[in-house]
$ cat start.cif   # mmCIF, N, CA and C atoms
data_my_file
loop_
_atom_site.label_atom_id
_atom_site.label_comp_id
_atom_site.auth_asym_id
_atom_site.auth_seq_id
_atom_site.Cartn_x
_atom_site.Cartn_y
_atom_site.Cartn_z
N SER A 1 78.41 89.84 -91.95
CA SER A 1 79.51 90.39 -91.21
C SER A 1 79.19 90.39 -89.72
N MET A 2 80.22 90.54 -88.91
CA MET A 2 80.05 90.59 -87.47
C MET A 2 81.04 91.58 -86.89
N ALA A 3 80.70 92.08 -85.74
CA ALA A 3 81.59 93.01 -85.05
C ALA A 3 82.30 92.26 -83.93
N LEU A 4 83.57 92.58 -83.77
CA LEU A 4 84.35 92.05 -82.66
C LEU A 4 84.76 93.24 -81.79
N ALA A 5 84.70 93.05 -80.50
CA ALA A 5 85.19 94.07 -79.58
C ALA A 5 86.00 93.35 -78.52
N TRP A 6 87.13 93.95 -78.14
CA TRP A 6 87.94 93.32 -77.11
C TRP A 6 88.65 94.38 -76.30
N ALA A 7 88.93 93.99 -75.07
CA ALA A 7 89.63 94.89 -74.15
C ALA A 7 90.85 94.18 -73.61
N GLU A 8 91.92 94.93 -73.48
CA GLU A 8 93.13 94.44 -72.84
C GLU A 8 93.11 95.01 -71.42
N ILE A 9 92.80 94.17 -70.47
CA ILE A 9 92.60 94.62 -69.10
C ILE A 9 93.86 95.25 -68.52
N SER A 10 95.03 94.72 -68.84
CA SER A 10 96.27 95.23 -68.25
C SER A 10 96.61 96.65 -68.70
N THR A 11 96.16 97.05 -69.91
CA THR A 11 96.48 98.38 -70.42
C THR A 11 95.26 99.30 -70.50
N GLY A 12 94.06 98.72 -70.45
CA GLY A 12 92.84 99.50 -70.60
C GLY A 12 92.48 99.77 -72.04
N ASP A 13 93.22 99.18 -72.99
CA ASP A 13 92.92 99.38 -74.41
C ASP A 13 91.61 98.69 -74.76
N PHE A 14 90.80 99.38 -75.57
CA PHE A 14 89.53 98.85 -76.05
C PHE A 14 89.54 98.95 -77.56
N ASN A 15 89.23 97.85 -78.24
CA ASN A 15 89.32 97.80 -79.70
C ASN A 15 88.04 97.22 -80.29
N VAL A 16 87.76 97.60 -81.52
CA VAL A 16 86.65 97.03 -82.28
C VAL A 16 87.11 96.77 -83.71
N ALA A 17 86.48 95.79 -84.34
CA ALA A 17 86.79 95.47 -85.73
C ALA A 17 85.60 94.77 -86.35
N LEU A 18 85.49 94.91 -87.65
CA LEU A 18 84.51 94.14 -88.40
C LEU A 18 85.18 92.88 -88.91
N SER A 19 84.42 91.81 -88.95
CA SER A 19 84.95 90.55 -89.45
C SER A 19 83.82 89.80 -90.14
N ASP A 20 84.13 88.61 -90.59
CA ASP A 20 83.11 87.72 -91.11
C ASP A 20 83.52 86.29 -90.77
N ILE A 21 82.69 85.35 -91.07
CA ILE A 21 82.95 83.96 -90.70
C ILE A 21 84.26 83.46 -91.31
N ASN A 22 84.61 83.95 -92.49
CA ASN A 22 85.83 83.49 -93.16
C ASN A 22 87.10 83.98 -92.48
N ALA A 23 87.03 85.11 -91.80
CA ALA A 23 88.20 85.68 -91.14
C ALA A 23 88.19 85.49 -89.63
N LEU A 24 87.13 84.89 -89.10
CA LEU A 24 86.97 84.80 -87.65
C LEU A 24 88.11 84.06 -86.97
N ALA A 25 88.50 82.92 -87.47
CA ALA A 25 89.58 82.15 -86.84
C ALA A 25 90.88 82.93 -86.83
N THR A 26 91.18 83.61 -87.93
CA THR A 26 92.39 84.42 -88.01
C THR A 26 92.35 85.57 -87.01
N GLU A 27 91.22 86.25 -86.93
CA GLU A 27 91.08 87.36 -85.99
C GLU A 27 91.22 86.88 -84.55
N LEU A 28 90.58 85.77 -84.21
CA LEU A 28 90.69 85.24 -82.85
C LEU A 28 92.11 84.80 -82.54
N GLY A 29 92.80 84.25 -83.53
CA GLY A 29 94.20 83.89 -83.34
C GLY A 29 95.08 85.10 -83.09
N ARG A 30 94.78 86.18 -83.78
CA ARG A 30 95.55 87.42 -83.61
C ARG A 30 95.27 88.05 -82.25
N ILE A 31 94.01 88.08 -81.86
CA ILE A 31 93.63 88.71 -80.60
C ILE A 31 94.00 87.82 -79.41
N ASN A 32 93.90 86.51 -79.60
CA ASN A 32 94.20 85.52 -78.56
C ASN A 32 93.44 85.78 -77.25
N PRO A 33 92.11 85.81 -77.33
CA PRO A 33 91.33 86.12 -76.12
C PRO A 33 91.33 84.98 -75.11
N GLN A 34 91.25 85.33 -73.85
CA GLN A 34 91.10 84.33 -72.80
C GLN A 34 89.65 83.87 -72.70
N GLU A 35 88.73 84.74 -73.13
CA GLU A 35 87.31 84.43 -73.08
C GLU A 35 86.62 85.14 -74.23
N VAL A 36 85.61 84.49 -74.79
CA VAL A 36 84.75 85.11 -75.79
C VAL A 36 83.34 85.14 -75.22
N ILE A 37 82.76 86.33 -75.22
CA ILE A 37 81.36 86.50 -74.82
C ILE A 37 80.59 86.68 -76.11
N ILE A 38 79.62 85.82 -76.34
CA ILE A 38 78.95 85.75 -77.64
C ILE A 38 77.44 85.66 -77.48
N ALA A 39 76.74 86.21 -78.45
CA ALA A 39 75.27 86.10 -78.46
C ALA A 39 74.89 84.63 -78.60
N ASP A 40 73.98 84.18 -77.75
CA ASP A 40 73.62 82.77 -77.75
C ASP A 40 73.10 82.28 -79.10
N LYS A 41 72.45 83.16 -79.86
CA LYS A 41 71.93 82.71 -81.15
C LYS A 41 73.05 82.39 -82.15
N LEU A 42 74.22 83.03 -81.99
CA LEU A 42 75.34 82.73 -82.88
C LEU A 42 75.91 81.33 -82.65
N LEU A 43 75.73 80.80 -81.45
CA LEU A 43 76.23 79.46 -81.16
C LEU A 43 75.41 78.37 -81.85
N LYS A 44 74.31 78.75 -82.46
CA LYS A 44 73.53 77.79 -83.24
C LYS A 44 74.22 77.47 -84.57
N ASP A 45 75.14 78.33 -84.97
CA ASP A 45 75.88 78.13 -86.22
C ASP A 45 77.03 77.17 -85.96
N GLU A 46 76.99 76.02 -86.61
CA GLU A 46 78.01 74.99 -86.40
C GLU A 46 79.41 75.47 -86.75
N ASN A 47 79.55 76.28 -87.79
CA ASN A 47 80.87 76.79 -88.18
C ASN A 47 81.46 77.68 -87.08
N ILE A 48 80.63 78.51 -86.50
CA ILE A 48 81.11 79.38 -85.42
C ILE A 48 81.50 78.54 -84.21
N ARG A 49 80.70 77.55 -83.88
CA ARG A 49 81.04 76.67 -82.75
C ARG A 49 82.38 75.98 -82.97
N LYS A 50 82.62 75.50 -84.18
CA LYS A 50 83.88 74.82 -84.49
C LYS A 50 85.07 75.77 -84.36
N ILE A 51 84.92 76.98 -84.89
CA ILE A 51 86.00 77.97 -84.80
C ILE A 51 86.30 78.30 -83.35
N LEU A 52 85.26 78.53 -82.56
CA LEU A 52 85.47 78.87 -81.16
C LEU A 52 86.11 77.72 -80.39
N SER A 53 85.67 76.51 -80.64
CA SER A 53 86.24 75.38 -79.89
C SER A 53 87.70 75.15 -80.24
N ALA A 54 88.11 75.57 -81.43
CA ALA A 54 89.50 75.39 -81.85
C ALA A 54 90.41 76.55 -81.43
N THR A 55 89.84 77.70 -81.08
CA THR A 55 90.68 78.87 -80.84
C THR A 55 90.54 79.52 -79.47
N VAL A 56 89.50 79.17 -78.72
CA VAL A 56 89.21 79.88 -77.47
C VAL A 56 88.98 78.90 -76.34
N ARG A 57 89.53 79.20 -75.17
CA ARG A 57 89.35 78.33 -74.00
C ARG A 57 87.98 78.46 -73.37
N VAL A 58 87.52 79.69 -73.17
CA VAL A 58 86.25 79.92 -72.48
C VAL A 58 85.30 80.67 -73.41
N VAL A 59 84.12 80.10 -73.62
CA VAL A 59 83.07 80.73 -74.41
C VAL A 59 81.88 80.94 -73.49
N THR A 60 81.45 82.20 -73.37
CA THR A 60 80.35 82.54 -72.48
C THR A 60 79.20 83.09 -73.31
N PRO A 61 78.12 82.31 -73.46
CA PRO A 61 76.96 82.81 -74.20
C PRO A 61 76.14 83.78 -73.35
N ARG A 62 75.60 84.79 -73.99
CA ARG A 62 74.71 85.76 -73.36
C ARG A 62 73.51 85.97 -74.27
N THR A 63 72.41 86.40 -73.68
CA THR A 63 71.22 86.64 -74.49
C THR A 63 71.51 87.70 -75.54
N THR A 64 70.90 87.52 -76.68
CA THR A 64 71.17 88.36 -77.84
C THR A 64 70.89 89.84 -77.58
N ASN A 65 69.92 90.15 -76.75
CA ASN A 65 69.53 91.55 -76.57
C ASN A 65 70.64 92.42 -75.97
N ILE A 66 71.61 91.82 -75.26
CA ILE A 66 72.67 92.67 -74.70
C ILE A 66 73.65 93.14 -75.77
N PHE A 67 73.51 92.62 -76.99
CA PHE A 67 74.37 93.03 -78.10
C PHE A 67 73.67 94.03 -79.03
N ASP A 68 72.54 94.58 -78.59
CA ASP A 68 71.77 95.53 -79.39
C ASP A 68 72.61 96.78 -79.67
N VAL A 69 72.72 97.15 -80.93
CA VAL A 69 73.58 98.26 -81.36
C VAL A 69 73.18 99.57 -80.70
N ASN A 70 71.90 99.92 -80.75
CA ASN A 70 71.46 101.20 -80.20
C ASN A 70 71.68 101.26 -78.69
N ARG A 71 71.35 100.19 -78.02
CA ARG A 71 71.53 100.13 -76.57
C ARG A 71 73.00 100.33 -76.20
N ASN A 72 73.86 99.64 -76.90
CA ASN A 72 75.29 99.71 -76.57
C ASN A 72 75.94 101.01 -77.02
N GLU A 73 75.46 101.58 -78.11
CA GLU A 73 75.98 102.90 -78.51
C GLU A 73 75.72 103.90 -77.41
N ASN A 74 74.51 103.90 -76.89
CA ASN A 74 74.17 104.83 -75.81
C ASN A 74 74.99 104.56 -74.56
N ARG A 75 75.23 103.31 -74.24
CA ARG A 75 76.02 102.97 -73.07
C ARG A 75 77.48 103.45 -73.23
N LEU A 76 78.05 103.27 -74.42
CA LEU A 76 79.42 103.74 -74.66
C LEU A 76 79.52 105.26 -74.57
N LYS A 77 78.57 105.95 -75.18
CA LYS A 77 78.59 107.42 -75.12
C LYS A 77 78.47 107.89 -73.67
N GLN A 78 77.60 107.26 -72.91
CA GLN A 78 77.44 107.64 -71.51
C GLN A 78 78.72 107.35 -70.72
N PHE A 79 79.29 106.17 -70.90
CA PHE A 79 80.48 105.77 -70.15
C PHE A 79 81.65 106.71 -70.41
N PHE A 80 81.87 107.04 -71.70
CA PHE A 80 83.01 107.89 -72.07
C PHE A 80 82.67 109.38 -72.07
N GLY A 81 81.43 109.73 -71.75
CA GLY A 81 81.03 111.14 -71.71
C GLY A 81 81.03 111.78 -73.08
N LEU A 82 80.57 111.07 -74.09
CA LEU A 82 80.58 111.55 -75.48
C LEU A 82 79.17 111.83 -75.97
N THR A 83 79.07 112.68 -76.98
CA THR A 83 77.79 112.89 -77.65
C THR A 83 77.71 112.09 -78.93
N SER A 84 78.87 111.60 -79.41
CA SER A 84 78.95 110.83 -80.64
C SER A 84 80.11 109.84 -80.52
N LEU A 85 80.01 108.75 -81.26
CA LEU A 85 81.12 107.77 -81.29
C LEU A 85 82.03 107.97 -82.49
N GLU A 86 81.79 109.00 -83.29
CA GLU A 86 82.57 109.22 -84.51
C GLU A 86 84.06 109.33 -84.26
N GLY A 87 84.47 109.94 -83.19
CA GLY A 87 85.88 110.13 -82.89
C GLY A 87 86.61 108.86 -82.49
N LEU A 88 85.84 107.79 -82.24
CA LEU A 88 86.46 106.52 -81.85
C LEU A 88 86.85 105.66 -83.03
N GLY A 89 86.47 106.08 -84.21
CA GLY A 89 86.86 105.32 -85.40
C GLY A 89 85.78 104.50 -85.87
#
$ encode --input "start.cif" --output "structure tokens"
Amino acid sequence: SMALAWAEISTGDFNVALSDINALATELGRINPQEVIIADKLLKDENIRKILSATVRVVTPRTTNIFDVNRNENRLKQFFGLTSLEGLG
């Protein structure tokens, strides 16, 4: 499984969802992102590369460590002034 997160800049909406390789193309079609920022190690998967090339205009790889769950949980809690992410769903 994989996590997807996206933001709508015009409204400030921030969303997250769980997906998998089988649903990735459908999810990207629904979200219709202008850019996908992805862990560089995921681009080694040929299926993911094919899905991205068919559904997304701009793909920006980043080092895998910026997607670390614990690091990002703490950053979200700090940004939103929360002690827990439970209320976010």
$ resolve_selection --input "start.cif" --expression "the PyMOL selection byres (((chain A and resi 19-34 and name CA) around 7) and name CA)" --output "list in words"
Ser1, Met2, Ala3, Leu4, Ala17, Leu18, Glu35, Val36, Ile51, Thr55, Val56, Arg57 and Val58 of chain A
$ closest_residue --input "start.cif" --among "A:Ala7, A:Ala54, A:Val16, A:Val59" --to "Ile37 of chain A" --atoms "only N, CA and C atoms"
A:Val59
$ residues_around --input "start.cif" --residues "segment 60-77 of chain A" --least-positions-apart "4" --cutoff "5 Å" --atoms "all atoms listed in the file" --output "mmCIF file with N, CA and C atoms, in the coordinates of the input"
data_model
loop_
_atom_site.group_PDB
_atom_site.id
_atom_site.type_symbol
_atom_site.label_atom_id
_atom_site.label_comp_id
_atom_site.auth_asym_id
_atom_site.auth_seq_id
_atom_site.Cartn_x
_atom_site.Cartn_y
_atom_site.Cartn_z
ATOM 1 N N VAL A 36 85.610 84.490 -74.790
ATOM 2 C CA VAL A 36 84.750 85.110 -75.790
ATOM 3 C C VAL A 36 83.340 85.140 -75.220
ATOM 4 N N ILE A 37 82.760 86.330 -75.220
ATOM 5 C CA ILE A 37 81.360 86.500 -74.820
ATOM 6 C C ILE A 37 80.590 86.680 -76.110
ATOM 7 N N ILE A 38 79.620 85.820 -76.340
ATOM 8 C CA ILE A 38 78.950 85.750 -77.640
ATOM 9 C C ILE A 38 77.440 85.660 -77.480
ATOM 10 N N ALA A 39 76.740 86.210 -78.450
ATOM 11 C CA ALA A 39 75.270 86.100 -78.460
ATOM 12 C C ALA A 39 74.890 84.630 -78.600
ATOM 13 N N ASP A 40 73.980 84.180 -77.750
ATOM 14 C CA ASP A 40 73.620 82.770 -77.750
ATOM 15 C C ASP A 40 73.100 82.280 -79.100
ATOM 16 N N GLY A 81 81.430 109.730 -71.750
ATOM 17 C CA GLY A 81 81.030 111.140 -71.710
ATOM 18 C C GLY A 81 81.030 111.780 -73.080
ATOM 19 N N LEU A 82 80.570 111.070 -74.090
ATOM 20 C CA LEU A 82 80.580 111.550 -75.480
ATOM 21 C C LEU A 82 79.170 111.830 -75.970
#
$ select_by_dssp --input "start.cif" --residues "segment 11-60 of chain A" --states "helix (DSSP H, G or I)" --output "list in words"
Leu24, Ala25, Thr26, Glu27, Leu28, Gly29, Arg30, Ile31, Asp40, Lys41, Leu42, Leu43, Lys44, Glu46, Asn47, Ile48, Arg49, Lys50, Ile51, Leu52, Ser53, Ala54 and Thr55 of chain A
$ select_by_dssp --input "start.cif" --residues "chain A" --states "strand (DSSP E)" --output "ChimeraX atom specification"
/A:2-8,13-19,35-39,58-62
$ atom_distance --input "start.cif" --atom1 "atom C of Gln78 of chain A" --atom2 "atom CA of Thr11 of chain A"
19.9 Å
$ atom_distance --input "start.cif" --atom1 "atom CA of Leu88 of chain A" --atom2 "atom CA of Ser10 of chain A"
20.2 Å
$ atom_distance --input "start.cif" --atom1 "atom CA of Glu8 of chain A" --atom2 "atom CA of Leu42 of chain A"
23.5 Å
$ decode --input "start.cif" --residues "chain A" --atoms "C-alpha atoms" --output "tab-separated table (two decimals), in the first residue's frame"
chain	number	residue	atom	x	y	z
A	1	SER	CA	0.00	0.00	0.00
A	2	MET	CA	0.99	3.63	-0.36
A	3	ALA	CA	-0.17	6.93	1.01
A	4	LEU	CA	-1.24	9.81	-1.18
A	5	ALA	CA	-1.40	13.38	0.06
A	6	TRP	CA	-2.50	16.38	-1.95
A	7	ALA	CA	-3.27	20.01	-1.45
A	8	GLU	CA	-5.58	22.28	-3.39
A	9	ILE	CA	-3.68	25.55	-3.34
A	10	SER	CA	-6.67	27.72	-4.32
A	11	THR	CA	-8.78	26.55	-1.35
A	12	GLY	CA	-6.13	25.43	1.15
A	13	ASP	CA	-7.69	21.95	1.35
A	14	PHE	CA	-5.28	19.18	2.37
A	15	ASN	CA	-6.21	15.54	1.81
A	16	VAL	CA	-4.72	12.11	2.41
A	17	ALA	CA	-5.70	8.65	1.23
A	18	LEU	CA	-4.39	5.12	1.17
A	19	SER	CA	-3.98	3.47	-2.19
A	20	ASP	CA	-2.12	0.66	-3.89
A	21	ILE	CA	-0.57	0.10	-7.29
A	22	ASN	CA	-3.84	-1.28	-8.65
A	23	ALA	CA	-5.79	1.88	-7.79
A	24	LEU	CA	-3.04	4.43	-8.40
A	25	ALA	CA	-4.04	5.43	-11.94
A	26	THR	CA	-7.68	5.84	-10.89
A	27	GLU	CA	-6.73	7.94	-7.86
A	28	LEU	CA	-4.43	10.17	-9.91
A	29	GLY	CA	-7.16	10.58	-12.51
A	30	ARG	CA	-9.61	11.62	-9.81
A	31	ILE	CA	-7.19	14.03	-8.13
A	32	ASN	CA	-5.79	15.33	-11.44
A	33	PRO	CA	-2.57	16.73	-9.96
A	34	GLN	CA	-0.43	19.25	-11.79
A	35	GLU	CA	2.65	17.75	-10.15
A	36	VAL	CA	3.51	14.57	-8.27
A	37	ILE	CA	6.32	14.64	-5.73
A	38	ILE	CA	7.49	11.08	-5.20
A	39	ALA	CA	10.18	9.18	-3.34
A	40	ASP	CA	13.00	8.48	-5.77
A	41	LYS	CA	13.09	4.80	-4.84
A	42	LEU	CA	9.48	4.37	-6.05
A	43	LEU	CA	10.51	5.47	-9.54
A	44	LYS	CA	12.54	2.27	-9.79
A	45	ASP	CA	9.22	0.43	-10.16
A	46	GLU	CA	8.39	0.24	-13.87
A	47	ASN	CA	4.64	0.01	-13.21
A	48	ILE	CA	4.67	3.22	-11.19
A	49	ARG	CA	6.71	4.99	-13.87
A	50	LYS	CA	4.21	3.92	-16.54
A	51	ILE	CA	1.23	5.09	-14.49
A	52	LEU	CA	2.84	8.44	-13.78
A	53	SER	CA	3.87	9.04	-17.38
A	54	ALA	CA	0.29	8.36	-18.51
A	55	THR	CA	-1.47	10.49	-15.89
A	56	VAL	CA	0.79	13.31	-14.68
A	57	ARG	CA	2.59	16.15	-16.45
A	58	VAL	CA	5.30	16.87	-13.89
A	59	VAL	CA	6.97	14.23	-11.71
A	60	THR	CA	9.45	15.50	-9.13
A	61	PRO	CA	11.56	12.85	-7.38
A	62	ARG	CA	12.82	13.56	-3.87
A	63	THR	CA	15.04	11.55	-1.56
A	64	THR	CA	13.16	8.89	0.32
A	65	ASN	CA	14.00	10.25	3.78
A	66	ILE	CA	11.70	13.28	3.37
A	67	PHE	CA	8.77	10.84	3.32
A	68	ASP	CA	9.62	9.37	6.75
A	69	VAL	CA	6.37	8.83	8.68
A	70	ASN	CA	7.65	9.87	12.12
A	71	ARG	CA	9.42	12.95	10.80
A	72	ASN	CA	6.35	14.11	8.91
A	73	GLU	CA	3.91	13.33	11.70
A	74	ASN	CA	5.89	15.63	13.95
A	75	ARG	CA	6.04	18.33	11.28
A	76	LEU	CA	2.24	18.19	10.76
A	77	LYS	CA	1.53	18.37	14.48
A	78	GLN	CA	3.89	21.32	14.83
A	79	PHE	CA	2.47	23.14	11.79
A	80	PHE	CA	-1.16	22.75	12.87
A	81	GLY	CA	-0.43	23.17	16.60
A	82	LEU	CA	-1.70	19.69	17.48
A	83	THR	CA	-0.64	17.09	20.02
A	84	SER	CA	-2.14	14.26	17.93
A	85	LEU	CA	-3.22	13.68	14.33
A	86	GLU	CA	-6.24	11.57	15.35
A	87	GLY	CA	-8.71	14.38	14.71
A	88	LEU	CA	-7.57	14.67	11.10
A	89	GLY	CA	-8.94	11.29	10.15
